[in-house]
Amino acid sequence: MPLALAACKTGWNVLELSGLTMGTGYNVIAVDHSKNVDQAELQAAVDASLSDVIAQMSNWEAGSELSRFNAHRSNEAFAVSPELAGVIAAAQQVHDGSNGRFDVTVGPLLDLWGFGAGKTRSDAPSDAEIAEALACCGQADSIEVNGNALRKLRPEAEIYVSAIGKGYGIDRVAQTLAGFGLTDYMVEVGGDIYTAGLNPEGKAWQIGIETPDAYDRGVMKVVGVSDMGMATSGDYRNFFEQDGVRYSHILDATTGRPVTHKTASVTVMTDNAMLADAWATALLVLGREEGLKIANDRDMAVLFLERGDAAGDVVATASDRFTALTA
């Protein structure tokens with residue numbers, strides 16, 4: 001996923017923070033022009049922000065708001081924090097805009113295909129198993145958000161925000177940094193990024209887009225990013241093969257099966273990391289042909305990387321907005 005290429009320069013402090021969160025790592029680089037920000041205090045505030053996100057949106061912490069909602073087997077409204085309600089409302093918008101391909105209720109399908117937490121398998125499930133799991137999914141028919149309340153249309157429905165929650169966590173960290181008066185910084189969590197202002201060299205933050213290869217962590221393209229979120233979703237890290245057929249963890253919620261098109265990764269640049277995170281997943285499910293049309297219709301900056309006909313070939317296709325931003 002995107003790799004940050006940072007530089008250092010004298011004349012101010014460059015603060016570097018790192019840690020673990022959401023089952024992955026995070027890194028922060030911030031330029032402290034005032035030289036007045038205490039790094040230990042900033043680290044504590046960043047960690048507290050991420051802990052708040054986990055307490056609201058973790059599927060793995062039994063006491064989180066989201067876990068308690070998932071355990072709530074009722075059609076009655078369930079009060080949640082404005083932050084969780086806002087993330088689910090954003091997920092609903094991406095769901096609608098992607099023709100249902102972005103779906104936060106696909107947990108049963110991920111578990112069935114062996115891509116859930118602690119789940120593995122090396123063979124494809126049967127048609128009957130897929131149909132059974134698919135009947136438990138469907139965001140439009142399962143949940144609704146009204147103000148600061150969520151409600152299940154199906155009492156057994158559960159929400160998984162792994163494809164949007166990480167981006168939201170990045171945005172929360174960015175808000176924390178801004179609260180310390182910092183204006184030039186980069187936040188990275190698990191490869192997704194938000195940048196503000198300029199890097200220590202006084203340039204846009206230089207972000208590398210990874211080559212979509214399971215065995216090569218090379219950089220395909222480097223772009224300058226300022227005041228934007230950026231996320232890449234790819235199908236080349238988490239998959240299994242059976243009888244020469246490759247099954248990736250990128251599942252189409254409308255079919256219950258892994259995608260079969262040639263699009264290997266999608267990078268999205270947008271106003272915040274939350275939407276970049278969600279749309280990268282949605283557009284990868286859609287694939288380049290349908291996804292590019294949606295990206296251009298919505299004026300989104302998107303880069304599609306597809307497998308070519310020859311082994312090792314990669315074909316890049318950019319949306320109009322991506323081309324304009326990276327020219």
# chains A, B, ... in the order shown; residues from 1 in each chain; ligands from 1
>>> residues_around(residues="Ala273 (chain A)", least_positions_apart="5", cutoff="6 Å", atoms="only C-alpha atoms", output="tab-separated table (two decimals) with all heavy atoms, in the first residue's frame")
chain	number	residue	atom	x	y	z
A	167	GLY	N	-9.70	4.52	7.79
A	167	GLY	CA	-9.60	5.87	7.25
A	167	GLY	C	-10.15	6.90	8.22
A	167	GLY	O	-9.59	7.99	8.39
A	194	TYR	N	-3.37	10.40	5.35
A	194	TYR	CA	-3.86	11.77	5.19
A	194	TYR	C	-2.66	12.70	5.34
A	194	TYR	O	-1.82	12.50	6.24
A	194	TYR	CB	-4.92	12.15	6.23
A	194	TYR	CG	-5.42	13.56	5.99
A	194	TYR	CD1	-6.42	13.81	5.04
A	194	TYR	CD2	-4.86	14.64	6.66
A	194	TYR	CE1	-6.84	15.10	4.78
A	194	TYR	CE2	-5.28	15.94	6.40
A	194	TYR	CZ	-6.28	16.15	5.46
A	194	TYR	OH	-6.68	17.44	5.18
A	229	GLY	N	-6.83	12.89	1.73
A	229	GLY	CA	-6.68	11.50	2.14
A	229	GLY	C	-6.35	10.66	0.93
A	229	GLY	O	-6.74	10.99	-0.20
A	230	MET	N	-5.64	9.58	1.15
A	230	MET	CA	-5.27	8.68	0.05
A	230	MET	C	-5.29	7.25	0.55
A	230	MET	O	-4.74	6.94	1.62
A	230	MET	CB	-3.88	9.04	-0.48
A	230	MET	CG	-3.37	8.15	-1.60
A	230	MET	SD	-1.80	8.84	-2.24
A	230	MET	CE	-1.27	7.48	-3.29
>>> select_by_dssp(residues="region 80-124 of chain A", states="helix (DSSP H, G or I)", output="list in words")
Pro82, Glu83, Leu84, Ala85, Gly86, Val87, Ile88, Ala89, Ala90, Ala91, Gln92, Gln93, Val94, His95, Asp96, Gly97, Gly107, Pro108, Leu109, Leu110, Asp111 and Leu112 of chain A
>>> write_last_selection(atoms="N, CA and C atoms", output="tab-separated table (two decimals), in the first residue's frame")
chain	number	residue	atom	x	y	z
A	82	PRO	N	-22.16	10.21	18.00
A	82	PRO	CA	-22.22	10.90	16.70
A	82	PRO	C	-21.13	10.43	15.74
A	83	GLU	N	-19.97	10.03	16.30
A	83	GLU	CA	-18.87	9.60	15.44
A	83	GLU	C	-19.20	8.29	14.73
A	84	LEU	N	-19.71	7.31	15.46
A	84	LEU	CA	-20.08	6.04	14.83
A	84	LEU	C	-21.24	6.24	13.86
A	85	ALA	N	-22.23	7.02	14.25
A	85	ALA	CA	-23.36	7.29	13.35
A	85	ALA	C	-22.88	7.95	12.07
A	86	GLY	N	-21.90	8.86	12.18
A	86	GLY	CA	-21.39	9.54	11.00
A	86	GLY	C	-20.66	8.61	10.06
A	87	VAL	N	-19.91	7.66	10.61
A	87	VAL	CA	-19.21	6.69	9.77
A	87	VAL	C	-20.21	5.79	9.04
A	88	ILE	N	-21.25	5.34	9.74
A	88	ILE	CA	-22.24	4.49	9.09
A	88	ILE	C	-23.03	5.27	8.03
A	89	ALA	N	-23.31	6.54	8.30
A	89	ALA	CA	-23.99	7.36	7.30
A	89	ALA	C	-23.12	7.51	6.05
A	90	ALA	N	-21.81	7.69	6.25
A	90	ALA	CA	-20.90	7.78	5.10
A	90	ALA	C	-20.85	6.45	4.35
A	91	ALA	N	-20.86	5.34	5.09
A	91	ALA	CA	-20.88	4.02	4.46
A	91	ALA	C	-22.14	3.84	3.61
A	92	GLN	N	-23.25	4.36	4.09
A	92	GLN	CA	-24.50	4.28	3.33
A	92	GLN	C	-24.38	5.07	2.02
A	93	GLN	N	-23.74	6.22	2.07
A	93	GLN	CA	-23.59	7.03	0.87
A	93	GLN	C	-22.71	6.33	-0.16
A	94	VAL	N	-21.61	5.72	0.30
A	94	VAL	CA	-20.74	5.00	-0.63
A	94	VAL	C	-21.44	3.75	-1.16
A	95	HIS	N	-22.21	3.10	-0.31
A	95	HIS	CA	-23.01	1.95	-0.75
A	95	HIS	C	-23.94	2.35	-1.90
A	96	ASP	N	-24.66	3.44	-1.71
A	96	ASP	CA	-25.58	3.89	-2.75
A	96	ASP	C	-24.83	4.31	-4.01
A	97	GLY	N	-23.72	5.03	-3.84
A	97	GLY	CA	-22.97	5.53	-4.99
A	97	GLY	C	-22.24	4.47	-5.77
A	107	GLY	N	-19.73	-9.41	6.57
A	107	GLY	CA	-18.99	-10.26	7.48
A	107	GLY	C	-19.24	-11.75	7.31
A	108	PRO	N	-20.49	-12.21	7.21
A	108	PRO	CA	-20.73	-13.65	7.03
A	108	PRO	C	-20.06	-14.21	5.77
A	109	LEU	N	-20.01	-13.41	4.71
A	109	LEU	CA	-19.35	-13.86	3.49
A	109	LEU	C	-17.84	-13.94	3.67
A	110	LEU	N	-17.26	-12.94	4.33
A	110	LEU	CA	-15.82	-12.97	4.59
A	110	LEU	C	-15.44	-14.18	5.43
A	111	ASP	N	-16.24	-14.47	6.44
A	111	ASP	CA	-15.98	-15.66	7.27
A	111	ASP	C	-16.11	-16.94	6.44
A	112	LEU	N	-17.14	-17.00	5.62
A	112	LEU	CA	-17.37	-18.19	4.81
A	112	LEU	C	-16.20	-18.47	3.87
>>> closest_residue(among="A:Ser122, A:Ser64, A:Asn99, A:Thr211", to="Ile294 (chain A)", atoms="only C-alpha atoms")
A:Asn99
>>> select_by_dssp(residues="region 107-267 of chain A", states="strand (DSSP E)", output="JSON list (two decimals) with N, CA and C atoms, in the first residue's frame")
[["chain", "number", "residue", "atom", "x", "y", "z"],
["A", 143, "ILE", "N", -29.71, -2.41, 7.65],
["A", 143, "ILE", "CA", -29.49, -1.38, 8.66],
["A", 143, "ILE", "C", -29.94, -0.02, 8.14],
["A", 144, "GLU", "N", -30.21, 0.88, 9.08],
["A", 144, "GLU", "CA", -30.47, 2.27, 8.73],
["A", 144, "GLU", "C", -29.93, 3.14, 9.85],
["A", 145, "VAL", "N", -29.59, 4.36, 9.50],
["A", 145, "VAL", "CA", -29.09, 5.32, 10.48],
["A", 145, "VAL", "C", -30.00, 6.53, 10.47],
["A", 146, "ASN", "N", -30.36, 6.97, 11.67],
["A", 146, "ASN", "CA", -31.24, 8.12, 11.82],
["A", 146, "ASN", "C", -30.70, 8.98, 12.97],
["A", 149, "ALA", "N", -28.65, 7.34, 15.99],
["A", 149, "ALA", "CA", -29.18, 6.01, 16.30],
["A", 149, "ALA", "C", -29.07, 5.11, 15.08],
["A", 150, "LEU", "N", -28.74, 3.85, 15.34],
["A", 150, "LEU", "CA", -28.75, 2.83, 14.31],
["A", 150, "LEU", "C", -29.92, 1.90, 14.57],
["A", 151, "ARG", "N", -30.45, 1.34, 13.50],
["A", 151, "ARG", "CA", -31.54, 0.38, 13.66],
["A", 151, "ARG", "C", -31.35, -0.76, 12.68],
["A", 152, "LYS", "N", -31.61, -1.98, 13.18],
["A", 152, "LYS", "CA", -31.52, -3.15, 12.33],
["A", 152, "LYS", "C", -32.87, -3.42, 11.67],
["A", 184, "ASP", "N", 1.48, 21.06, 9.03],
["A", 184, "ASP", "CA", 2.19, 20.27, 8.03],
["A", 184, "ASP", "C", 2.49, 18.90, 8.63],
["A", 185, "TYR", "N", 1.77, 17.88, 8.14],
["A", 185, "TYR", "CA", 1.94, 16.55, 8.73],
["A", 185, "TYR", "C", 1.41, 15.47, 7.80],
["A", 186, "MET", "N", 1.82, 14.26, 8.09],
["A", 186, "MET", "CA", 1.32, 13.08, 7.39],
["A", 186, "MET", "C", 0.96, 12.02, 8.42],
["A", 187, "VAL", "N", -0.21, 11.43, 8.26],
["A", 187, "VAL", "CA", -0.67, 10.35, 9.13],
["A", 187, "VAL", "C", -0.86, 9.11, 8.27],
["A", 188, "GLU", "N", -0.27, 8.00, 8.67],
["A", 188, "GLU", "CA", -0.42, 6.73, 7.93],
["A", 188, "GLU", "C", -0.83, 5.63, 8.89],
["A", 189, "VAL", "N", -1.87, 4.91, 8.54],
["A", 189, "VAL", "CA", -2.31, 3.75, 9.31],
["A", 189, "VAL", "C", -2.52, 2.60, 8.32],
["A", 192, "ASP", "N", -2.87, 3.46, 4.50],
["A", 192, "ASP", "CA", -3.74, 4.58, 4.11],
["A", 192, "ASP", "C", -3.22, 5.85, 4.77],
["A", 193, "ILE", "N", -3.51, 7.00, 4.14],
["A", 193, "ILE", "CA", -2.78, 8.21, 4.50],
["A", 193, "ILE", "C", -3.69, 9.43, 4.48],
["A", 194, "TYR", "N", -3.37, 10.40, 5.35],
["A", 194, "TYR", "CA", -3.86, 11.77, 5.19],
["A", 194, "TYR", "C", -2.66, 12.70, 5.34],
["A", 195, "THR", "N", -2.57, 13.68, 4.46],
["A", 195, "THR", "CA", -1.50, 14.66, 4.56],
["A", 195, "THR", "C", -2.09, 16.06, 4.66],
["A", 196, "ALA", "N", -1.37, 16.91, 5.36],
["A", 196, "ALA", "CA", -1.73, 18.32, 5.44],
["A", 196, "ALA", "C", -0.49, 19.15, 5.14],
["A", 205, "TRP", "N", 3.73, 16.22, 0.15],
["A", 205, "TRP", "CA", 4.18, 14.92, 0.66],
["A", 205, "TRP", "C", 4.25, 13.93, -0.50],
["A", 206, "GLN", "N", 5.38, 13.27, -0.63],
["A", 206, "GLN", "CA", 5.62, 12.34, -1.73],
["A", 206, "GLN", "C", 5.20, 10.93, -1.31],
["A", 207, "ILE", "N", 4.17, 10.42, -1.96],
["A", 207, "ILE", "CA", 3.58, 9.13, -1.59],
["A", 207, "ILE", "C", 3.74, 8.14, -2.73],
["A", 208, "GLY", "N", 4.25, 6.97, -2.42],
["A", 208, "GLY", "CA", 4.43, 5.94, -3.43],
["A", 208, "GLY", "C", 3.23, 5.01, -3.52],
["A", 209, "ILE", "N", 2.81, 4.71, -4.73],
["A", 209, "ILE", "CA", 1.75, 3.73, -4.98],
["A", 209, "ILE", "C", 2.41, 2.41, -5.34],
["A", 210, "GLU", "N", 2.08, 1.39, -4.58],
["A", 210, "GLU", "CA", 2.77, 0.12, -4.66],
["A", 210, "GLU", "C", 2.43, -0.65, -5.94],
["A", 219, "VAL", "N", 7.61, 0.33, -5.93],
["A", 219, "VAL", "CA", 6.75, 1.48, -6.10],
["A", 219, "VAL", "C", 6.46, 1.68, -7.58],
["A", 220, "MET", "N", 5.18, 1.70, -7.92],
["A", 220, "MET", "CA", 4.74, 1.87, -9.30],
["A", 220, "MET", "C", 4.79, 3.34, -9.73],
["A", 221, "LYS", "N", 4.37, 4.23, -8.81],
["A", 221, "LYS", "CA", 4.27, 5.64, -9.15],
["A", 221, "LYS", "C", 4.35, 6.44, -7.86],
["A", 222, "VAL", "N", 4.98, 7.62, -7.92],
["A", 222, "VAL", "CA", 5.05, 8.53, -6.78],
["A", 222, "VAL", "C", 4.25, 9.79, -7.11],
["A", 223, "VAL", "N", 3.38, 10.19, -6.18],
["A", 223, "VAL", "CA", 2.56, 11.38, -6.40],
["A", 223, "VAL", "C", 2.71, 12.32, -5.21],
["A", 224, "GLY", "N", 2.53, 13.60, -5.46],
["A", 224, "GLY", "CA", 2.54, 14.59, -4.40],
["A", 224, "GLY", "C", 1.14, 14.78, -3.86],
["A", 225, "VAL", "N", 1.00, 14.72, -2.53],
["A", 225, "VAL", "CA", -0.33, 14.79, -1.91],
["A", 225, "VAL", "C", -0.29, 15.84, -0.80],
["A", 228, "MET", "N", -5.14, 16.07, 1.60],
["A", 228, "MET", "CA", -6.02, 15.04, 1.05],
["A", 228, "MET", "C", -5.79, 13.71, 1.75],
["A", 229, "GLY", "N", -6.83, 12.89, 1.73],
["A", 229, "GLY", "CA", -6.68, 11.50, 2.14],
["A", 229, "GLY", "C", -6.35, 10.66, 0.93],
["A", 230, "MET", "N", -5.64, 9.58, 1.15],
["A", 230, "MET", "CA", -5.27, 8.68, 0.05],
["A", 230, "MET", "C", -5.29, 7.25, 0.55],
["A", 231, "ALA", "N", -5.93, 6.38, -0.21],
["A", 231, "ALA", "CA", -6.01, 4.97, 0.19],
["A", 231, "ALA", "C", -5.90, 4.08, -1.04],
["A", 232, "THR", "N", -5.27, 2.95, -0.86],
["A", 232, "THR", "CA", -5.17, 1.95, -1.92],
["A", 232, "THR", "C", -5.78, 0.64, -1.43],
["A", 233, "SER", "N", -6.61, 0.05, -2.26],
["A", 233, "SER", "CA", -7.15, -1.28, -1.99],
["A", 233, "SER", "C", -6.66, -2.22, -3.07],
["A", 234, "GLY", "N", -6.15, -3.39, -2.66],
["A", 234, "GLY", "CA", -5.61, -4.34, -3.63],
["A", 234, "GLY", "C", -6.06, -5.75, -3.33],
["A", 239, "PHE", "N", -5.35, -13.95, -0.51],
["A", 239, "PHE", "CA", -6.06, -14.79, -1.47],
["A", 239, "PHE", "C", -5.65, -16.25, -1.28],
["A", 240, "PHE", "N", -6.39, -17.15, -1.91],
["A", 240, "PHE", "CA", -5.96, -18.54, -1.97],
["A", 240, "PHE", "C", -6.24, -19.05, -3.38],
["A", 241, "GLU", "N", -5.61, -20.15, -3.74],
["A", 241, "GLU", "CA", -5.80, -20.73, -5.07],
["A", 241, "GLU", "C", -6.29, -22.16, -4.93],
["A", 242, "GLN", "N", -7.19, -22.53, -5.83],
["A", 242, "GLN", "CA", -7.71, -23.90, -5.88],
["A", 242, "GLN", "C", -7.85, -24.30, -7.34],
["A", 245, "VAL", "N", -7.40, -21.67, -9.92],
["A", 245, "VAL", "CA", -8.26, -20.49, -9.85],
["A", 245, "VAL", "C", -7.90, -19.69, -8.61],
["A", 246, "ARG", "N", -7.76, -18.39, -8.79],
["A", 246, "ARG", "CA", -7.36, -17.49, -7.70],
["A", 246, "ARG", "C", -8.60, -16.84, -7.08],
["A", 247, "TYR", "N", -8.74, -16.96, -5.75],
["A", 247, "TYR", "CA", -9.87, -16.37, -5.04],
["A", 247, "TYR", "C", -9.33, -15.31, -4.08],
["A", 248, "SER", "N", -9.67, -14.05, -4.32],
["A", 248, "SER", "CA", -9.16, -12.97, -3.47],
["A", 248, "SER", "C", -10.18, -12.61, -2.39],
["A", 251, "LEU", "N", -14.64, -9.25, -2.09],
["A", 251, "LEU", "CA", -15.91, -9.93, -2.39],
["A", 251, "LEU", "C", -16.95, -8.94, -2.92],
["A", 252, "ASP", "N", -17.69, -9.39, -3.90],
["A", 252, "ASP", "CA", -18.80, -8.62, -4.44],
["A", 252, "ASP", "C", -20.05, -8.96, -3.63],
["A", 257, "ARG", "N", -19.36, -13.61, -4.06],
["A", 257, "ARG", "CA", -18.14, -14.28, -4.54],
["A", 257, "ARG", "C", -17.01, -13.27, -4.74],
["A", 258, "PRO", "N", -15.76, -13.74, -4.75],
["A", 258, "PRO", "CA", -14.65, -12.85, -5.07],
["A", 258, "PRO", "C", -14.78, -12.29, -6.48],
["A", 263, "THR", "N", -8.67, -5.97, -12.53],
["A", 263, "THR", "CA", -8.21, -4.84, -11.72],
["A", 263, "THR", "C", -7.59, -5.37, -10.44],
["A", 264, "ALA", "N", -6.32, -5.02, -10.22],
["A", 264, "ALA", "CA", -5.57, -5.55, -9.08],
["A", 264, "ALA", "C", -5.51, -4.57, -7.91],
["A", 265, "SER", "N", -5.55, -3.27, -8.21],
["A", 265, "SER", "CA", -5.55, -2.29, -7.13],
["A", 265, "SER", "C", -6.19, -1.00, -7.59],
["A", 266, "VAL", "N", -6.72, -0.28, -6.62],
["A", 266, "VAL", "CA", -7.34, 1.02, -6.87],
["A", 266, "VAL", "C", -6.84, 1.99, -5.80],
["A", 267, "THR", "N", -6.34, 3.13, -6.24],
["A", 267, "THR", "CA", -5.91, 4.19, -5.34],
["A", 267, "THR", "C", -6.84, 5.37, -5.49]]
>>> atom_distance(atom1="CA of Asn59 (chain A)", atom2="CA of Val161 (chain A)")
7.9 Å
>>> atom_distance(atom1="CA of Ala324 (chain A)", atom2="CA of Leu292 (chain A)")
14.9 Å
